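S.K.: Please see the structure below; I have some questions.
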Amino acid sequence: MLDRKFIVENAESVKQNCVHRGVAVDVDRFVELEARRKAMQAEVEELNRQANQVSKSIGQAKDQAERDQRKEEGRRLREQTNEHRAELDAVAAELDALHRSIPNMSHPDAPIGADDQANLELFLGKTPQPQFDFQPLDHVDLAEKLDLVDFDGGARVAGHGFYFLRNDMVLLELALQRYALEVLMAEGFTPMTTPDLARNEILEGIGFIPRGPETQIYSIDNTDLSLVATAEITLGGLYAGQTVDADELPIKLCGISHCFRTEAGAHGRATRGLYRVHQFTKVEMFAYTLPEESDAMLDHLRDLECRLFDGLGVPYRVVDTATGDLGGPAYRKFDLEAWMPGRGEYGEITSTSNCTDYQARRLNIRYKVKGEKGTQFLHTLNGTAIAISRAAIAVLENYQQADGSIVVPEVLRPFVGKERIVAAK
RNA sequence: GGAUGGGUGGCCGAGUGGACUAAGGCGGCAGUCUUGAAAACUGCUGUGCGGGAAACUGCACCGGGGGUUCGAAUCCCUCCCCAUCCGCCA
């Protein structure tokens, strides 16, 4: 959420930003309601003040008659307060719904545009696109020939979009996680494995919508829990309601979780194989920072993503995400898109966002400077280290050989324990 | 899943309807004393929102939400969490 006062004082730029982001929300209505809310709040507080005064005087009343008379007065005040409060609650509810639908402001350098067509390519990774002297296969064919993924089995057990990893693919998945942790731990990230379920209020605080027709979230029946779509949810929820000392910042976490997505409405579009699935494993980076340090932290997270994929020897490009493609919470977002020879195009493999204080405000996460009065909302950032299924696609397709085998990227060899994945005889 | 006991400020902890304006302690800050430090002593020390140039002041907050009452940390309902025991289990 944005600060209410900020919206009122900067209504025009908030409106302009909503246009850039393609979000239809009545900012004028918000400003109007906020003014009403403030006035009604003042009325209720005044009535409370009077009621408090009356209540106190009853305890000190001299005789029963006076007491009864004051009680009657208190009762009357309470009724009056309740009426005003009901009005206030109605206004506050409408205000809150509007408030939640207003997206974060956008970084001045974020490219302005309606969708990913307007994304700006910034630079390429260190690894050039591989030149094959044979027709490269896509990861589905490669996986089948090498017996690495069982899509049919996944479909029988859990439905389309689920799969079993098999044989060296299992080692590859673990190796990718281990490799990511190795790099991130050296950079001061605390490694964590996180719950795969979270409370809906946490999902909402991060910016996910757990229910409704548009939801991408699996929810657990008869509970207020949902399967997480990313460890961003659990790592960001970790400090919900907490106030941390400023000198503990930045807090850098990396979490391994399973990620579950219903991918409602995504059928027919790039659904082949591992690219868009209902479950995958991901190592996620998450950072809590001081406000003035979040821009630099976003660059840091992006650089780490580049390092991870340069290290893997996967060709990629870095993209500055357009305003219309940022989603609600992000102030700025960079994506890495890996070259996928089987698809013959780039596909998104990581995404890192600076959410400034947008999530922190919703989740009520603050910091306090020692010796100073008051607390402030801190900034939150997230970034994919390795999303296994898509990283695996990039590795399989870029490292495929004429003989059908897959060369294991050098950095993964200590963890996979072999240099090459070949068909079992 | 069942039973019992709990959740109070940065921390510990007292508080079962009206002086709670939350005792006391620890920690922190400032001061006195001291060459300096420690100790001792004295004072101050929560958060959010609003009003005010400021001093100051109003409202809310004792796990979350709701209720009873003129008045709730305290009573009732509900949810969450923690501890211990039982059951089940990797």
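If you're wondering about the labels, chains in the structure tokens are A, B, ... by order shown, residues count from 1 in each chain, ligands from 1 in order shown.
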Show me, as CSV, the residues of chain B having an atom within 9 Å of chain A, each with the closest atom pair and its distance in Å, using only C-alpha atoms (C1' of nucleotides).
M.R.:
residue,atom,partner,partner_atom,distance
B:G18,C1',A:Gly59,CA,4.9
B:C29,C1',A:Gly371,CA,8.2
B:U47,C1',A:Gly374,CA,7.6
B:G50,C1',A:Ala42,CA,7.3
B:G58,C1',A:Arg49,CA,7.3
B:C59,C1',A:Glu45,CA,5.2
B:C70,C1',A:Lys71,CA,4.2
B:G71,C1',A:Ser55,CA,5.1
S.K.: Which residues are near G10 (chain B)? Cut-off 9 Å, only C-alpha atoms (C1' of nucleotides), ignore same chain within fewer than 5 positions. Put them as a VMD selection string.
M.R.: chain B and resid 27 to 28 46
S.K.: For Glu12 (chain A), please output as a ChimeraX atom specification all residues within 12 Å (counting only C-alpha atoms (C1' of nucleotides); exclusion window: fewer than 4 positions along the same chain).
M.R.: /A:6-8,16-19,26-28,31,105
S.K.: Identify which of the residues A:Ser257, A:Ala198, A:Arg302, A:Ile220 lies closest to Phe123 (chain A), counting only C-alpha atoms when measuring atom-to-atom distances.
M.R.: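 Looking only at the distances to Phe123 (chain A), the closest residue turns out to be A:Arg302.
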S.K.: As a PyMOL selection string, please: all residues of region 196-227 of chain A that backbone DSSP puts in alpha helix (DSSP H).
M.R.: chain A and resi 200-206
S.K.: What does the structure give for the distance between CA of Phe286 (chain A) and CA of Trp339 (chain A), in Å to one decimal?
M.R.: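 Separating CA of Phe286 (chain A) from CA of Trp339 (chain A) is a distance of 25.3 Å.
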S.K.: I need the residues in region 134-369 of chain A that are strand (DSSP E) according to DSSP; give them as a count of residues only.
M.R.: 65
S.K.: Pick out the residues sitting within 12 Å of C82 (chain B), and hand them over as a ChimeraX atom specification; count only C-alpha atoms (C1' of nucleotides), and ignore anything fewer than 5 positions along from it in its own chain.
M.R.: /B:5-7,63
